[in-house]
Amino acid sequence: SIKAVIFDLDGVLTDTAEYHFQAWSALAHKLGVPFDRQDNEQLKGVDRMGSLQFILDKGGLQLPSDEKDMLAKAKNTHYQQLIENISDADLFEGVHPLFNRLKQAGIAIGLASASKNAAMVLNKLGISAAFDYVADAAAIRQGKPHPEIFLTVAKALGIPAQHCVGVEDSLAGLQSILDAGMYAVGIGEKQLLTDANLVYAQIGQLDLDEVLMLGRKAPT
Ligand code: G6P
Ligand code: MG
């Protein structure tokens with residue numbers, strides 16, 4: 001049975017995936033690297049330096065590490081400007097009712113975001129206290145698609161992976177969940193998130209009864 005639901009943040013609980021996209025596309029544009037929403041699907045869930053490397057590789061650019069650090073920093077400054085004014089109004093519809101139902105059912109709530117800005121975003125959204133455990137992205141050595149982050153959260157919650165559901169909007173994140181041995185719920189387009197056990201267009205459409213039914217058979 002399901003004893004924990006571990007959420008991604010950007011693009012799952014709020015629309016910050018869009019701000020990451022805007023900041024990366026501005027940077028790619030400055031570097032003269034073509035970058036569109038389709039490219040961005042590969043970047044979702046990927047950590048900051050990994051994302052920068054994707055763009056540099058796409059443009060066939062090789063830069064020394066101090067220049068890469070500067071570019072990553074510039075992207076982050078831009079991103080932080082874009083999210084400066086987000087508030088509880090930016091939380092996706094349906095998140096509070098979902099969290100309430102999970103709490104009533106005694107199911108733990110975890111966060112597995114690769115973003116070093118996650119704690120700040122949770123604060124702005126006013127939902128920090130809802131989580132039983134929030135992963136520290138800075139302490140994760142192998143980013144998504146590696147399963148480390150989801151496994152770290154499950155361990156901290158004290159719940160074996162086969163009793164966990166991960167909720168993700170990204171391809172890298174779904175891979176991370178499945179390789180952790182958890183059930184995977186995708187948020188977004190069914191045609192894109194083909195590896196997920198269940199897909200909903202938005203978090204507000206997540207059918208908790210249907211998700212909890214996953215726990216009645218072994219994860220694939
Ligand atoms: C999440 C987002 C990515 C972002 C990454 C790192 O996984 O989906 O788009 O690049 O976090 O975020 P950060 O805020 O640490 O640069
Ligand atoms: Mg995401």
# chains A, B, ... in the order shown; residues from 1 in each chain; ligands from 1
call {"tool": "residues_near_ligand", "arguments": {"ligand": "ligand 2", "cutoff": "12 Å", "atoms": "only C-alpha atoms and all ligand atoms", "output": "PDB file with N, CA and C atoms, in the first residue's frame"}}
result
ATOM      1  N   PHE A   7       6.667  14.608  -4.049  1.00  0.00           N
ATOM      2  CA  PHE A   7       6.380  15.521  -5.146  1.00  0.00           C
ATOM      3  C   PHE A   7       7.644  16.206  -5.658  1.00  0.00           C
ATOM      4  N   ASP A   8       7.666  16.415  -6.977  1.00  0.00           N
ATOM      5  CA  ASP A   8       8.559  17.394  -7.570  1.00  0.00           C
ATOM      6  C   ASP A   8       7.899  18.762  -7.339  1.00  0.00           C
ATOM      7  N   LEU A   9       8.642  19.826  -7.524  1.00  0.00           N
ATOM      8  CA  LEU A   9       8.089  21.170  -7.285  1.00  0.00           C
ATOM      9  C   LEU A   9       7.770  21.913  -8.589  1.00  0.00           C
ATOM     10  N   ASP A  10       8.830  22.269  -9.316  1.00  0.00           N
ATOM     11  CA  ASP A  10       8.677  23.105 -10.513  1.00  0.00           C
ATOM     12  C   ASP A  10       7.845  22.380 -11.575  1.00  0.00           C
ATOM     13  N   GLY A  11       6.705  22.952 -11.929  1.00  0.00           N
ATOM     14  CA  GLY A  11       5.858  22.355 -12.951  1.00  0.00           C
ATOM     15  C   GLY A  11       4.857  21.357 -12.411  1.00  0.00           C
ATOM     16  N   VAL A  12       4.974  21.021 -11.121  1.00  0.00           N
ATOM     17  CA  VAL A  12       4.025  20.086 -10.500  1.00  0.00           C
ATOM     18  C   VAL A  12       3.116  20.832  -9.518  1.00  0.00           C
ATOM     19  N   LEU A  13       3.738  21.605  -8.612  1.00  0.00           N
ATOM     20  CA  LEU A  13       2.959  22.314  -7.589  1.00  0.00           C
ATOM     21  C   LEU A  13       2.728  23.774  -7.978  1.00  0.00           C
ATOM     22  N   THR A  14       3.555  24.275  -8.878  1.00  0.00           N
ATOM     23  CA  THR A  14       3.438  25.671  -9.333  1.00  0.00           C
ATOM     24  C   THR A  14       4.114  25.793 -10.692  1.00  0.00           C
ATOM     25  N   ASP A  15       3.887  26.925 -11.350  1.00  0.00           N
ATOM     26  CA  ASP A  15       4.335  27.072 -12.730  1.00  0.00           C
ATOM     27  C   ASP A  15       5.780  27.563 -12.884  1.00  0.00           C
ATOM     28  N   THR A  16       6.619  27.346 -11.891  1.00  0.00           N
ATOM     29  CA  THR A  16       8.012  27.825 -11.970  1.00  0.00           C
ATOM     30  C   THR A  16       8.825  27.154 -13.080  1.00  0.00           C
ATOM     31  N   ALA A  17       8.362  26.002 -13.587  1.00  0.00           N
ATOM     32  CA  ALA A  17       9.058  25.387 -14.731  1.00  0.00           C
ATOM     33  C   ALA A  17       9.100  26.379 -15.898  1.00  0.00           C
ATOM     34  N   GLU A  18       8.046  27.171 -16.021  1.00  0.00           N
ATOM     35  CA  GLU A  18       7.974  28.182 -17.081  1.00  0.00           C
ATOM     36  C   GLU A  18       9.055  29.254 -16.880  1.00  0.00           C
ATOM     37  N   TYR A  19       9.310  29.639 -15.640  1.00  0.00           N
ATOM     38  CA  TYR A  19      10.340  30.650 -15.360  1.00  0.00           C
ATOM     39  C   TYR A  19      11.743  30.090 -15.583  1.00  0.00           C
ATOM     40  N   HIS A  20      11.949  28.815 -15.227  1.00  0.00           N
ATOM     41  CA  HIS A  20      13.238  28.190 -15.551  1.00  0.00           C
ATOM     42  C   HIS A  20      13.435  28.215 -17.073  1.00  0.00           C
ATOM     43  N   PHE A  21      12.373  27.867 -17.808  1.00  0.00           N
ATOM     44  CA  PHE A  21      12.455  27.864 -19.274  1.00  0.00           C
ATOM     45  C   PHE A  21      12.804  29.251 -19.803  1.00  0.00           C
ATOM     46  N   ASN A  40      13.598  22.106 -24.182  1.00  0.00           N
ATOM     47  CA  ASN A  40      13.391  22.312 -22.751  1.00  0.00           C
ATOM     48  C   ASN A  40      12.854  21.067 -22.040  1.00  0.00           C
ATOM     49  N   GLU A  41      12.113  20.224 -22.769  1.00  0.00           N
ATOM     50  CA  GLU A  41      11.598  18.995 -22.130  1.00  0.00           C
ATOM     51  C   GLU A  41      12.745  18.128 -21.611  1.00  0.00           C
ATOM     52  N   GLN A  42      13.873  18.162 -22.324  1.00  0.00           N
ATOM     53  CA  GLN A  42      15.049  17.382 -21.885  1.00  0.00           C
ATOM     54  C   GLN A  42      15.709  18.009 -20.648  1.00  0.00           C
ATOM     55  N   LEU A  43      15.483  19.290 -20.471  1.00  0.00           N
ATOM     56  CA  LEU A  43      16.116  20.019 -19.364  1.00  0.00           C
ATOM     57  C   LEU A  43      15.338  19.941 -18.069  1.00  0.00           C
ATOM     58  N   LYS A  44      14.022  19.766 -18.188  1.00  0.00           N
ATOM     59  CA  LYS A  44      13.192  19.747 -16.978  1.00  0.00           C
ATOM     60  C   LYS A  44      13.725  18.721 -15.991  1.00  0.00           C
ATOM     61  N   GLY A  45      13.843  19.128 -14.744  1.00  0.00           N
ATOM     62  CA  GLY A  45      14.302  18.215 -13.701  1.00  0.00           C
ATOM     63  C   GLY A  45      15.812  18.084 -13.596  1.00  0.00           C
ATOM     64  N   VAL A  46      16.516  18.567 -14.616  1.00  0.00           N
ATOM     65  CA  VAL A  46      17.983  18.445 -14.644  1.00  0.00           C
ATOM     66  C   VAL A  46      18.593  19.604 -13.843  1.00  0.00           C
ATOM     67  N   ASP A  47      19.617  19.316 -13.065  1.00  0.00           N
ATOM     68  CA  ASP A  47      20.184  20.349 -12.183  1.00  0.00           C
ATOM     69  C   ASP A  47      20.839  21.481 -12.980  1.00  0.00           C
ATOM     70  N   LEU A 111       9.211  16.166  -0.596  1.00  0.00           N
ATOM     71  CA  LEU A 111       9.566  16.972  -1.765  1.00  0.00           C
ATOM     72  C   LEU A 111      10.910  16.519  -2.303  1.00  0.00           C
ATOM     73  N   ALA A 112      10.965  16.276  -3.616  1.00  0.00           N
ATOM     74  CA  ALA A 112      12.205  15.869  -4.282  1.00  0.00           C
ATOM     75  C   ALA A 112      12.443  16.795  -5.469  1.00  0.00           C
ATOM     76  N   SER A 113      12.830  18.037  -5.166  1.00  0.00           N
ATOM     77  CA  SER A 113      13.129  19.001  -6.223  1.00  0.00           C
ATOM     78  C   SER A 113      14.628  19.150  -6.363  1.00  0.00           C
ATOM     79  N   ALA A 114      15.102  19.193  -7.614  1.00  0.00           N
ATOM     80  CA  ALA A 114      16.530  19.398  -7.872  1.00  0.00           C
ATOM     81  C   ALA A 114      16.932  20.856  -7.681  1.00  0.00           C
ATOM     82  N   SER A 115      15.951  21.717  -7.407  1.00  0.00           N
ATOM     83  CA  SER A 115      16.239  23.152  -7.361  1.00  0.00           C
ATOM     84  C   SER A 115      16.781  23.613  -6.021  1.00  0.00           C
ATOM     85  N   ALA A 118      14.350  25.676  -4.061  1.00  0.00           N
ATOM     86  CA  ALA A 118      13.086  25.043  -3.663  1.00  0.00           C
ATOM     87  C   ALA A 118      12.561  25.568  -2.324  1.00  0.00           C
ATOM     88  N   LYS A 144      18.698  13.925 -11.036  1.00  0.00           N
ATOM     89  CA  LYS A 144      17.781  13.197 -11.908  1.00  0.00           C
ATOM     90  C   LYS A 144      18.409  13.134 -13.298  1.00  0.00           C
ATOM     91  N   PRO A 145      18.323  12.054 -14.041  1.00  0.00           N
ATOM     92  CA  PRO A 145      17.457  10.881 -13.874  1.00  0.00           C
ATOM     93  C   PRO A 145      17.932   9.835 -12.864  1.00  0.00           C
ATOM     94  N   GLY A 166       5.912   8.766  -6.692  1.00  0.00           N
ATOM     95  CA  GLY A 166       6.576  10.019  -7.059  1.00  0.00           C
ATOM     96  C   GLY A 166       5.721  10.742  -8.084  1.00  0.00           C
ATOM     97  N   VAL A 167       5.685  12.069  -7.981  1.00  0.00           N
ATOM     98  CA  VAL A 167       4.864  12.872  -8.902  1.00  0.00           C
ATOM     99  C   VAL A 167       5.771  13.866  -9.622  1.00  0.00           C
ATOM    100  N   GLU A 168       5.810  13.802 -10.925  1.00  0.00           N
ATOM    101  CA  GLU A 168       6.789  14.536 -11.740  1.00  0.00           C
ATOM    102  C   GLU A 168       6.212  15.056 -13.054  1.00  0.00           C
ATOM    103  N   ASP A 169       6.712  16.193 -13.493  1.00  0.00           N
ATOM    104  CA  ASP A 169       6.359  16.705 -14.827  1.00  0.00           C
ATOM    105  C   ASP A 169       7.476  16.453 -15.837  1.00  0.00           C
ATOM    106  N   SER A 170       8.621  15.940 -15.371  1.00  0.00           N
ATOM    107  CA  SER A 170       9.764  15.842 -16.285  1.00  0.00           C
ATOM    108  C   SER A 170      10.119  14.404 -16.632  1.00  0.00           C
ATOM    109  N   LEU A 171      10.714  14.240 -17.803  1.00  0.00           N
ATOM    110  CA  LEU A 171      11.168  12.916 -18.239  1.00  0.00           C
ATOM    111  C   LEU A 171      12.275  12.413 -17.323  1.00  0.00           C
ATOM    112  N   ALA A 172      13.228  13.312 -16.983  1.00  0.00           N
ATOM    113  CA  ALA A 172      14.335  12.913 -16.098  1.00  0.00           C
ATOM    114  C   ALA A 172      13.790  12.482 -14.737  1.00  0.00           C
ATOM    115  N   GLY A 173      12.793  13.212 -14.251  1.00  0.00           N
ATOM    116  CA  GLY A 173      12.216  12.908 -12.939  1.00  0.00           C
ATOM    117  C   GLY A 173      11.470  11.586 -12.925  1.00  0.00           C
ATOM    118  N   LEU A 174      10.733  11.297 -13.988  1.00  0.00           N
ATOM    119  CA  LEU A 174      10.003  10.020 -14.053  1.00  0.00           C
ATOM    120  C   LEU A 174      10.991   8.857 -14.051  1.00  0.00           C
ATOM    121  N   SER A 176      13.912   8.876 -12.694  1.00  0.00           N
ATOM    122  CA  SER A 176      14.431   8.827 -11.329  1.00  0.00           C
ATOM    123  C   SER A 176      13.475   8.046 -10.416  1.00  0.00           C
ATOM    124  N   GLY A 186       2.756  11.057 -13.695  1.00  0.00           N
ATOM    125  CA  GLY A 186       3.188  12.168 -14.535  1.00  0.00           C
ATOM    126  C   GLY A 186       2.164  13.285 -14.513  1.00  0.00           C
ATOM    127  N   ILE A 187       2.668  14.520 -14.555  1.00  0.00           N
ATOM    128  CA  ILE A 187       1.798  15.691 -14.668  1.00  0.00           C
ATOM    129  C   ILE A 187       2.170  16.384 -15.970  1.00  0.00           C
ATOM    130  N   GLY A 188       1.251  16.349 -16.935  1.00  0.00           N
ATOM    131  CA  GLY A 188       1.549  16.953 -18.238  1.00  0.00           C
ATOM    132  C   GLY A 188       0.903  16.158 -19.354  1.00  0.00           C
ATOM    133  N   ILE A 203      -2.026  18.909 -11.722  1.00  0.00           N
ATOM    134  CA  ILE A 203      -2.097  18.313 -10.386  1.00  0.00           C
ATOM    135  C   ILE A 203      -3.541  18.320  -9.856  1.00  0.00           C
TER     136      ILE A 203
END
call {"tool": "residues_around", "arguments": {"residues": "Ala154 of chain A", "least_positions_apart": "6", "cutoff": "9 Å", "atoms": "only C-alpha atoms", "output": "PDB file with C-alpha atoms, in the first residue's frame"}}
result
ATOM      1  CA  ALA A   4       4.215   8.350   1.010  1.00  0.00           C
ATOM      2  CA  ILE A   6       6.921  12.464  -3.006  1.00  0.00           C
ATOM      3  CA  GLY A 110       7.860  14.603   0.644  1.00  0.00           C
ATOM      4  CA  TYR A 133      10.622  16.008   4.507  1.00  0.00           C
ATOM      5  CA  PRO A 160      10.447   1.674   1.584  1.00  0.00           C
ATOM      6  CA  ALA A 161      10.386   2.685  -2.090  1.00  0.00           C
ATOM      7  CA  CYS A 164       6.035   5.420  -2.387  1.00  0.00           C
TER       8      CYS A 164
END
call {"tool": "select_by_dssp", "arguments": {"residues": "segment 164-213 of chain A", "states": "strand (DSSP E)", "output": "VMD selection string"}}
result
chain A and resid 164 to 168 183 to 187 198 to 200
call {"tool": "write_last_selection", "arguments": {"atoms": "N, CA and C atoms", "output": "PDB file, in the first residue's frame"}}
result
ATOM      1  N   CYS A 164       6.011   3.993  -2.038  1.00  0.00           N
ATOM      2  CA  CYS A 164       6.035   5.420  -2.387  1.00  0.00           C
ATOM      3  C   CYS A 164       5.527   5.665  -3.806  1.00  0.00           C
ATOM      4  N   VAL A 165       4.900   6.828  -3.968  1.00  0.00           N
ATOM      5  CA  VAL A 165       4.529   7.336  -5.289  1.00  0.00           C
ATOM      6  C   VAL A 165       5.330   8.619  -5.510  1.00  0.00           C
ATOM      7  N   GLY A 166       5.912   8.766  -6.692  1.00  0.00           N
ATOM      8  CA  GLY A 166       6.576  10.019  -7.059  1.00  0.00           C
ATOM      9  C   GLY A 166       5.721  10.742  -8.084  1.00  0.00           C
ATOM     10  N   VAL A 167       5.685  12.069  -7.981  1.00  0.00           N
ATOM     11  CA  VAL A 167       4.864  12.872  -8.902  1.00  0.00           C
ATOM     12  C   VAL A 167       5.771  13.866  -9.622  1.00  0.00           C
ATOM     13  N   GLU A 168       5.810  13.802 -10.925  1.00  0.00           N
ATOM     14  CA  GLU A 168       6.789  14.536 -11.740  1.00  0.00           C
ATOM     15  C   GLU A 168       6.212  15.056 -13.054  1.00  0.00           C
ATOM     16  N   TYR A 183       6.211   3.982  -7.685  1.00  0.00           N
ATOM     17  CA  TYR A 183       5.180   4.237  -8.697  1.00  0.00           C
ATOM     18  C   TYR A 183       5.332   5.662  -9.190  1.00  0.00           C
ATOM     19  N   ALA A 184       5.112   5.857 -10.495  1.00  0.00           N
ATOM     20  CA  ALA A 184       5.339   7.175 -11.086  1.00  0.00           C
ATOM     21  C   ALA A 184       4.053   7.782 -11.625  1.00  0.00           C
ATOM     22  N   VAL A 185       3.754   8.974 -11.142  1.00  0.00           N
ATOM     23  CA  VAL A 185       2.613   9.740 -11.663  1.00  0.00           C
ATOM     24  C   VAL A 185       3.164  10.933 -12.441  1.00  0.00           C
ATOM     25  N   GLY A 186       2.756  11.057 -13.695  1.00  0.00           N
ATOM     26  CA  GLY A 186       3.188  12.168 -14.535  1.00  0.00           C
ATOM     27  C   GLY A 186       2.164  13.285 -14.513  1.00  0.00           C
ATOM     28  N   ILE A 187       2.668  14.520 -14.555  1.00  0.00           N
ATOM     29  CA  ILE A 187       1.798  15.691 -14.668  1.00  0.00           C
ATOM     30  C   ILE A 187       2.170  16.384 -15.970  1.00  0.00           C
ATOM     31  N   LEU A 198       0.581   6.550 -14.336  1.00  0.00           N
ATOM     32  CA  LEU A 198      -0.639   7.331 -14.547  1.00  0.00           C
ATOM     33  C   LEU A 198      -0.208   8.732 -14.954  1.00  0.00           C
ATOM     34  N   VAL A 199      -1.000   9.397 -15.798  1.00  0.00           N
ATOM     35  CA  VAL A 199      -0.689  10.779 -16.175  1.00  0.00           C
ATOM     36  C   VAL A 199      -1.939  11.637 -16.027  1.00  0.00           C
ATOM     37  N   TYR A 200      -1.772  12.817 -15.442  1.00  0.00           N
ATOM     38  CA  TYR A 200      -2.850  13.805 -15.370  1.00  0.00           C
ATOM     39  C   TYR A 200      -2.315  15.099 -15.969  1.00  0.00           C
TER      40      TYR A 200
END
call {"tool": "residues_around", "arguments": {"residues": "segment 91-101 of chain A", "least_positions_apart": "4", "cutoff": "10 Å", "atoms": "only C-alpha atoms", "output": "list in words"}}
result
Val5, Gly11, Val12, Leu13, Thr14, Asp15, Thr16, Ile86, Ser87, Ala105, Gly106, Ile107, Ala108, Ile109, Val121, Leu122, Lys124, Leu125, Gly126, Ile127, Ala130, Phe131, Gln202, Ile203, Gly204, Gln205, Leu206, Asp207 and Leu208 of chain A
call {"tool": "closest_residue", "arguments": {"among": "A:Leu82, A:Leu214, A:Leu102, A:Met70", "to": "Met49 of chain A", "atoms": "only C-alpha atoms"}}
result
A:Met70
call {"tool": "select_by_dssp", "arguments": {"residues": "chain A", "states": "helix (DSSP H, G or I)", "output": "PyMOL selection string"}}
result
chain A and resi 16-31+37-43+48-58+65-82+88-90+95-104+118-125+128-130+137-139+148-157+161-163+171-179+203-205+208-216
call {"tool": "write_last_selection", "arguments": {"atoms": "C-alpha atoms", "output": "compact mmCIF listing (two decimals), in the first residue's frame"}}
result
# COMPACT_ATOMS: atom_id res chain seq x y z
CA THR A 16 8.01 27.82 -11.97
CA ALA A 17 9.06 25.39 -14.73
CA GLU A 18 7.97 28.18 -17.08
CA TYR A 19 10.34 30.65 -15.36
CA HIS A 20 13.24 28.19 -15.55
CA PHE A 21 12.45 27.86 -19.27
CA GLN A 22 12.38 31.64 -19.76
CA ALA A 23 15.69 32.10 -17.98
CA TRP A 24 17.40 29.28 -19.89
CA SER A 25 16.06 30.45 -23.24
CA ALA A 26 17.29 34.01 -22.56
CA LEU A 27 20.74 32.62 -21.79
CA ALA A 28 20.75 30.34 -24.85
CA HIS A 29 19.72 33.29 -27.01
CA LYS A 30 22.63 35.38 -25.66
CA LEU A 31 24.99 32.51 -26.51
CA ARG A 37 10.24 24.20 -25.74
CA GLN A 38 11.02 20.79 -27.18
CA ASP A 39 14.67 21.15 -26.11
CA ASN A 40 13.39 22.31 -22.75
CA GLU A 41 11.60 19.00 -22.13
CA GLN A 42 15.05 17.38 -21.88
CA LEU A 43 16.12 20.02 -19.36
CA ARG A 48 21.63 23.79 -12.91
CA MET A 49 25.07 22.84 -14.23
CA GLY A 50 23.67 19.85 -16.13
CA SER A 51 21.16 22.15 -17.81
CA LEU A 52 23.85 24.65 -18.78
CA GLN A 53 25.97 21.84 -20.19
CA PHE A 54 23.02 20.68 -22.32
CA ILE A 55 22.76 24.15 -23.88
CA LEU A 56 26.52 24.46 -24.42
CA ASP A 57 26.62 21.00 -26.02
CA LYS A 58 23.69 21.89 -28.26
CA SER A 65 34.68 26.15 -15.82
CA ASP A 66 34.90 29.71 -14.42
CA GLU A 67 32.89 30.99 -17.40
CA LYS A 68 30.36 28.21 -16.94
CA ASP A 69 30.00 29.19 -13.29
CA MET A 70 29.36 32.80 -14.34
CA LEU A 71 26.69 31.78 -16.85
CA ALA A 72 24.97 29.50 -14.32
CA LYS A 73 25.01 32.32 -11.80
CA ALA A 74 23.54 34.76 -14.34
CA LYS A 75 20.74 32.33 -15.15
CA ASN A 76 19.97 31.91 -11.47
CA THR A 77 19.90 35.68 -10.87
CA HIS A 78 17.47 36.03 -13.77
CA TYR A 79 15.34 33.14 -12.46
CA GLN A 80 15.23 34.66 -8.97
CA GLN A 81 14.05 37.95 -10.49
CA LEU A 82 11.27 36.13 -12.33
CA ASP A 88 0.33 31.60 -2.42
CA ALA A 89 -1.82 32.65 -5.40
CA ASP A 90 0.71 30.84 -7.64
CA VAL A 95 -2.75 21.21 -4.06
CA HIS A 96 -4.24 22.15 -0.68
CA PRO A 97 -7.16 19.68 -0.97
CA LEU A 98 -4.74 16.95 -2.08
CA PHE A 99 -2.37 17.59 0.84
CA ASN A 100 -5.33 17.60 3.25
CA ARG A 101 -6.52 14.24 1.98
CA LEU A 102 -3.02 12.77 2.24
CA LYS A 103 -2.73 13.99 5.82
CA GLN A 104 -6.14 12.57 6.72
CA ALA A 118 13.09 25.04 -3.66
CA ALA A 119 12.96 26.12 0.00
CA MET A 120 12.46 29.73 -1.04
CA VAL A 121 9.71 28.81 -3.51
CA LEU A 122 7.91 26.70 -0.87
CA ASN A 123 8.05 29.68 1.49
CA LYS A 124 6.63 32.05 -1.10
CA LEU A 125 3.85 29.55 -1.85
CA SER A 128 6.71 24.70 3.69
CA ALA A 129 4.98 23.29 6.77
CA ALA A 130 2.97 20.76 4.73
CA ALA A 137 19.22 19.69 -3.58
CA ALA A 138 22.74 20.82 -2.63
CA ALA A 139 23.33 17.52 -0.83
CA GLU A 148 19.25 9.29 -5.53
CA ILE A 149 16.93 12.20 -4.71
CA PHE A 150 13.73 10.13 -4.50
CA LEU A 151 15.52 7.41 -2.53
CA THR A 152 16.93 10.02 -0.13
CA VAL A 153 13.44 11.37 0.59
CA ALA A 154 11.97 7.88 1.07
CA LYS A 155 14.77 6.99 3.46
CA ALA A 156 14.30 10.18 5.46
CA LEU A 157 10.57 9.43 5.70
CA ALA A 161 10.39 2.68 -2.09
CA GLN A 162 7.71 0.16 -3.00
CA HIS A 163 5.28 2.06 -0.74
CA LEU A 171 11.17 12.92 -18.24
CA ALA A 172 14.33 12.91 -16.10
CA GLY A 173 12.22 12.91 -12.94
CA LEU A 174 10.00 10.02 -14.05
CA GLN A 175 13.12 7.99 -14.79
CA SER A 176 14.43 8.83 -11.33
CA ILE A 177 11.17 7.64 -9.70
CA LEU A 178 10.99 4.40 -11.68
CA ASP A 179 14.65 3.56 -11.07
CA ILE A 203 -2.10 18.31 -10.39
CA GLY A 204 -5.69 19.44 -9.77
CA GLN A 205 -6.88 16.51 -11.87
CA LEU A 208 -6.01 10.15 -5.37
CA ASP A 209 -8.17 7.01 -5.22
CA GLU A 210 -6.79 5.93 -8.59
CA VAL A 211 -3.21 6.70 -7.48
CA LEU A 212 -3.60 4.75 -4.23
CA MET A 213 -4.90 1.78 -6.23
CA LEU A 214 -1.43 1.54 -7.81
CA GLY A 215 -0.21 0.24 -4.46
CA ARG A 216 -2.29 -2.87 -4.87
call {"tool": "atom_distance", "arguments": {"atom1": "atom 6 (C, counted along the ligand's line) of ligand 1", "atom2": "atom CA of Glu84 of chain A"}}
result
16.3 Å
call {"tool": "closest_residue", "arguments": {"among": "A:Gln62, A:Asn117, A:Ser1, A:Asn85", "to": "ligand 1", "atoms": "only C-alpha atoms and all ligand atoms"}}
result
A:Asn117
call {"tool": "atom_distance", "arguments": {"atom1": "atom CA of Gly32 of chain A", "atom2": "atom CA of Leu61 of chain A"}}
result
10.1 Å
call {"tool": "atom_distance", "arguments": {"atom1": "atom 6 (C, counted along the ligand's line) of ligand 1", "atom2": "atom CA of Ile159 of chain A"}}
result
25.5 Å
call {"tool": "closest_residue", "arguments": {"among": "A:Leu192, A:Ile83, A:Val134, A:Ala201", "to": "ligand 1", "atoms": "only C-alpha atoms and all ligand atoms"}}
result
A:Ile83
call {"tool": "closest_residue", "arguments": {"among": "A:Asp36, A:Gly59, A:Lys3, A:Asp136", "to": "ligand 1", "atoms": "only C-alpha atoms and all ligand atoms"}}
result
A:Asp136
call {"tool": "decode", "arguments": {"residues": "segment 7-22 of chain A", "atoms": "N, CA and C atoms", "output": "short mmCIF file (atom, residue, chain, number, x, y, z; two decimals), in the first residue's frame"}}
result
data_model
loop_
_atom_site.label_atom_id
_atom_site.label_comp_id
_atom_site.auth_asym_id
_atom_site.auth_seq_id
_atom_site.Cartn_x
_atom_site.Cartn_y
_atom_site.Cartn_z
N PHE A 7 6.67 14.61 -4.05
CA PHE A 7 6.38 15.52 -5.15
C PHE A 7 7.64 16.21 -5.66
N ASP A 8 7.67 16.42 -6.98
CA ASP A 8 8.56 17.39 -7.57
C ASP A 8 7.90 18.76 -7.34
N LEU A 9 8.64 19.83 -7.52
CA LEU A 9 8.09 21.17 -7.28
C LEU A 9 7.77 21.91 -8.59
N ASP A 10 8.83 22.27 -9.32
CA ASP A 10 8.68 23.10 -10.51
C ASP A 10 7.84 22.38 -11.58
N GLY A 11 6.71 22.95 -11.93
CA GLY A 11 5.86 22.36 -12.95
C GLY A 11 4.86 21.36 -12.41
N VAL A 12 4.97 21.02 -11.12
CA VAL A 12 4.02 20.09 -10.50
C VAL A 12 3.12 20.83 -9.52
N LEU A 13 3.74 21.60 -8.61
CA LEU A 13 2.96 22.31 -7.59
C LEU A 13 2.73 23.77 -7.98
N THR A 14 3.56 24.28 -8.88
CA THR A 14 3.44 25.67 -9.33
C THR A 14 4.11 25.79 -10.69
N ASP A 15 3.89 26.93 -11.35
CA ASP A 15 4.34 27.07 -12.73
C ASP A 15 5.78 27.56 -12.88
N THR A 16 6.62 27.35 -11.89
CA THR A 16 8.01 27.82 -11.97
C THR A 16 8.83 27.15 -13.08
N ALA A 17 8.36 26.00 -13.59
CA ALA A 17 9.06 25.39 -14.73
C ALA A 17 9.10 26.38 -15.90
N GLU A 18 8.05 27.17 -16.02
CA GLU A 18 7.97 28.18 -17.08
C GLU A 18 9.05 29.25 -16.88
N TYR A 19 9.31 29.64 -15.64
CA TYR A 19 10.34 30.65 -15.36
C TYR A 19 11.74 30.09 -15.58
N HIS A 20 11.95 28.81 -15.23
CA HIS A 20 13.24 28.19 -15.55
C HIS A 20 13.44 28.22 -17.07
N PHE A 21 12.37 27.87 -17.81
CA PHE A 21 12.45 27.86 -19.27
C PHE A 21 12.80 29.25 -19.80
N GLN A 22 12.12 30.27 -19.29
CA GLN A 22 12.38 31.64 -19.76
C GLN A 22 13.83 32.05 -19.50
#
